[in-house]
Every structure is written in structure tokens, then in C-alpha cells.
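Participant: For reference, the structure I am asking about is given below.
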Amino acid sequence: MAGFHVMADARGMHVQPTVRRITISDLWDALRLGVEDFWAKPSHYVFLCLIYPIVGLILTRWTSGANAIQLIYPLMSGFALVGPFAALGLYEISRRRELGMNTSWWHALDVRRSPAIPSIAVIGIMLVALFLLWLYTAQSIYTGLFGDQPPASIGSFVREVLTTSKGWTLILAGNAAGFVFAAVVLATTVIAFPLLLDRDVGAVSAIETSARAVMANPLQMALWGLLVAVLLVIGSIPLFAGLAVVIPVLGHATWHLYRKVVEPERAEQIRRPM
């Protein structure tokens, strides 16, 4: 398949886009621009993202019915791990709006025609694998503390978590592990998907550029990660319904963050053939 390329771009070259240093005010500006993109046609975007609250409710019902209540919180927090991939259509809408093109919601599906779709799929699979590994890790921590017996009910589980030493150990160990997973995703994909939609640089270069963006702006990217986590929590509280607004705003804002962090294509440097 001549068009199938993942490690490098379509020319077989490893491209190294130039990364800028940004300020905290750039983060707020990216978020402001994300809100503007959302309000340009909010009904379209809310319709596009209704699936996420629905999936959240289904997952919660499934874990409760399967007597796996202990996985509700890991599933909720795991949205942050697959979020960069789930927001692909939103990046595309922001890209089209930037270019003055038609931004009807069905154009979110145009990502399937991107020449970088193999690279996008590879990184998406990586995120899904990290999500599943996170669930396995969370279950292992729970089993190590409480054994194989699942919680009898949500109420008893909450009481045990909040009133026992094992429960507090679960909170601390679980959140510490979750922080590690979130940091890995932030460092490898913070701007990887917008970059691939904008330029077919290959999966390796997209991940590398995200890592360089984080290293060049550690405080700003840490704040961005915290902002994303807080907004996702706020959106999840009212039965996940707030995610129908939070996810599109963050998706659009991530596109504008990419524009602030990465120089335009003319400034890229080609390092070596792969």
C-alpha cells in the first residue's frame, strides 16, 4: 500500500516541526478561541458530542450491573486518556473554520479522508491500550487492598473508601497511578492529533513534537493538563451531561493551542530519511 505510512511522512522523511515557547496567557487565549468556535454553531457541536454523555451513562450502568462499582471512577477519569483521540472531529471543524471553509457538523467526519489517517489510527490505538492498561491497574490496586470480592453496593463502597485506611490508600495509590497515565498521554499527544490533521508528518514525529512542546513549556503544559482535568470533572458531575459542552470546547481549544505551540509548516526542518 503506497499510501500507507506511519513512521514517517509521505516522502519517507522524518519531519521535526519547530516548537515555540508560549505563556500562560496563551492558554487562556486558546480556551477563549475554543469557546468562540463552539458558540459559532453550538447546536451542531452538542449534537456531535452527545454520544459521550450517553457512553458515560452506559459504562456506569454496565459497571454497576456487572458488580464492578470500583471501576466507575477509573472509567470516568479515563475519559481524559482517550479524549485527544475522541476530539478528532472537533479539531477538523476548527481547522476548517480557520480556513474559512464550510463548518457544518458532518465535516467532522472528513478526518477519515486525511492522508495521515494511518498515523492517527496508530496513536489512537496507543491511547486505547493505555486506557485499558489504566483500568487493569486500577482493578489491580483495588484487588490488592480489598481482595477479589466486589463491593456490595455503591453506598457501602463509598463508606469503606472514605472511612478506612485501606480506602484512603486506594484513593492515594489510585490517583498517583492515574497521574502517571495522564502525564504520559499529555506528553505524547497534547498536540499530536491536530498536527497530523494539519500536516502528515507521521506518528513518530507527532509524538516527538508533543514531547518537545511539553519540555519547552513544562509549567504551561502542566497547567493545561490540570485545566483539562478540572473541566472534565465539572462536566462529568451532572450525570456526564456537561461533557456535551466541555468536550467540544476543549477540542477546539486544543487546536488553537497547537497553532500557538507549533510554527507554520514553512519553518519545519527535515532531519533525515527513514
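In the C-alpha cells, chains take letters A, B, ... by order of appearance, with residues numbered from 1 within each chain and ligands from 1 in the order shown.
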Contacts of Phe181 in chain A at 8 Å or less, counting only C-alpha atoms, minus same-chain residues fewer than 4 places along, as a ChimeraX atom specification?
Facilitator: /A:81,130,134,177,185
Participant: Using only C-alpha atoms, which of A:Phe193, A:Phe240, A:Trp224, A:Trp39 sits nearest Ala87 in chain A?
Facilitator: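 Among the listed residues, the smallest separation from Ala87 in chain A belongs to A:Phe193.
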Participant: Rank A:Ala211, A:Ile93, A:Ala244, A:Leu186 by their smallest atom-to-atom distance to Ala229 in chain A, using only C-alpha atoms, and report the top residue only.
Facilitator: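 When distances to Ala229 in chain A are compared using only C-alpha atoms, the smallest one comes from A:Leu186.
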Participant: Within 7 Å of range 254-266 of chain A, which residues of range 188-249 of chain A come that close, and what is the closest atom pair and distance in Å for each? Count only C-alpha atoms and give it as JSON lines.
Facilitator:
{"residue": "A:Ile191", "atom": "CA", "partner": "A:Tyr258", "partner_atom": "CA", "distance": 5.4}
{"residue": "A:Pro194", "atom": "CA", "partner": "A:Trp255", "partner_atom": "CA", "distance": 5.8}
{"residue": "A:Ala213", "atom": "CA", "partner": "A:Val261", "partner_atom": "CA", "distance": 6.8}
Participant: Set the distance at 6 Å and use only C-alpha atoms: which residues neighbour range 101-108 of chain A once local chain neighbours fewer than 4 positions away are removed? I'd like the list as number ranges by chain.
Facilitator: A: 44, 89, 92-93, 96-97
Participant: Which of range 45-253 of chain A counts as alpha helix (DSSP H) under DSSP, as a PyMOL selection string please?
Facilitator: chain A and resi 45-49+51-65+72-86+88-98+117-146+154-163+165-189+192-198+203-216+218-236+243-253
Participant: Figure out the distance between CA of Ala216 in chain A and CA of Ile22 in chain A, please, to one decimal in Å.
Facilitator: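 Going from CA of Ile22 in chain A over to CA of Ala216 in chain A, I get 8.6 Å.
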Participant: Would you mind telling me which residue in A:Pro17, A:Gly225, A:Val111, A:Gly155 lies nearest to Val204 in chain A when using only C-alpha atoms?
Facilitator: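 Among A:Pro17, A:Gly225, A:Val111, A:Gly155, it is A:Pro17 that comes nearest to Val204 in chain A.
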Participant: For Ala222 in chain A, list every protein, DNA or RNA residue within 12 Å, evaluated using only C-alpha atoms, and leave out those in the same chain fewer than 3 positions away; present the list as a list of chain:residue names.
Facilitator: A:Ile24, A:Leu27, A:Phe179, A:Ala182, A:Ala183, A:Val184, A:Val185, A:Leu186, A:Ala187, A:Val190, A:Ala213, A:Val214, A:Met215, A:Ala216, A:Asn217, A:Pro218, A:Leu219, A:Gly225, A:Leu226, A:Leu227, A:Val228, A:Ala229
Participant: Could you tell me which of A:Pro74, A:Ile247, A:Ser25, A:Ser236 comes closest to Tyr136 in chain A if we count only C-alpha atoms?
Facilitator: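 Nearest candidate to Tyr136 in chain A out of A:Pro74, A:Ile247, A:Ser25, A:Ser236: A:Pro74.
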Participant: What's around Phe157 in chain A at 12 Å? Count only C-alpha atoms, leave out sequence neighbours fewer than 2 positions away in its own chain, and write the answer as a list in words.
Facilitator: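 My reading of the contact set: Ser64, Asn67, Ala68, Ile69, Gln70, Leu71, Ile72, Tyr73, Tyr142, Phe146, Gln149, Pro150, Pro151, Ala152, Ser153, Ile154, Gly155, Arg159, Glu160, Val161, Leu162, Thr163, Thr164, Lys166, Gly167 and Leu170 of chain A.
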Participant: Please produce an output containing C-alpha atoms for each residue in the selection, written as a PDB file, in the first residue's frame.
Facilitator:
ATOM      1  CA  SER A  64     -22.925  -1.360  38.364  1.00  0.00           C
ATOM      2  CA  ASN A  67     -20.949  -5.685  40.141  1.00  0.00           C
ATOM      3  CA  ALA A  68     -17.815  -3.708  39.270  1.00  0.00           C
ATOM      4  CA  ILE A  69     -18.668  -0.482  41.066  1.00  0.00           C
ATOM      5  CA  GLN A  70     -14.999   0.070  41.888  1.00  0.00           C
ATOM      6  CA  LEU A  71     -14.349   0.798  38.183  1.00  0.00           C
ATOM      7  CA  ILE A  72     -16.809   3.696  37.890  1.00  0.00           C
ATOM      8  CA  TYR A  73     -14.245   6.322  38.922  1.00  0.00           C
ATOM      9  CA  TYR A 142      -8.355  -2.442  44.388  1.00  0.00           C
ATOM     10  CA  PHE A 146      -9.750  -5.377  49.227  1.00  0.00           C
ATOM     11  CA  GLN A 149     -14.778  -9.647  46.396  1.00  0.00           C
ATOM     12  CA  PRO A 150     -16.518  -6.733  44.614  1.00  0.00           C
ATOM     13  CA  PRO A 151     -18.386  -4.032  46.576  1.00  0.00           C
ATOM     14  CA  ALA A 152     -21.915  -4.937  47.640  1.00  0.00           C
ATOM     15  CA  SER A 153     -23.314  -1.517  46.719  1.00  0.00           C
ATOM     16  CA  ILE A 154     -22.251   1.994  45.824  1.00  0.00           C
ATOM     17  CA  GLY A 155     -23.102   3.226  49.334  1.00  0.00           C
ATOM     18  CA  ARG A 159     -18.260   4.412  53.068  1.00  0.00           C
ATOM     19  CA  GLU A 160     -15.399   1.917  53.025  1.00  0.00           C
ATOM     20  CA  VAL A 161     -13.264   4.141  50.815  1.00  0.00           C
ATOM     21  CA  LEU A 162     -13.794   7.270  52.919  1.00  0.00           C
ATOM     22  CA  THR A 163     -13.702   5.782  56.420  1.00  0.00           C
ATOM     23  CA  THR A 164     -10.990   3.107  56.373  1.00  0.00           C
ATOM     24  CA  LYS A 166      -7.482   0.789  53.039  1.00  0.00           C
ATOM     25  CA  GLY A 167      -9.892   3.196  51.403  1.00  0.00           C
ATOM     26  CA  LEU A 170      -6.863   3.221  47.444  1.00  0.00           C
TER      27      LEU A 170
END
Participant: Tell me, in Å to one decimal, how far CA of Val19 in chain A is from CA of Ser210 in chain A.
Facilitator: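 Taking CA of Val19 in chain A as the start and CA of Ser210 in chain A as the end point, the length is 8.9 Å.
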Participant: Can you measure CA of Asp200 in chain A to CA of Leu88 in chain A for me? One decimal in Å is fine.
Facilitator: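 Interatomic distance, CA of Asp200 in chain A to CA of Leu88 in chain A: 14.5 Å.
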Participant: Of the residues A:Ala129, A:Val15, A:Ile120, A:Ala40, which is the one nearest to His252 in chain A, using only C-alpha atoms?
Facilitator: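 Once distances to His252 in chain A are computed over only C-alpha atoms, the minimum belongs to A:Ala40.
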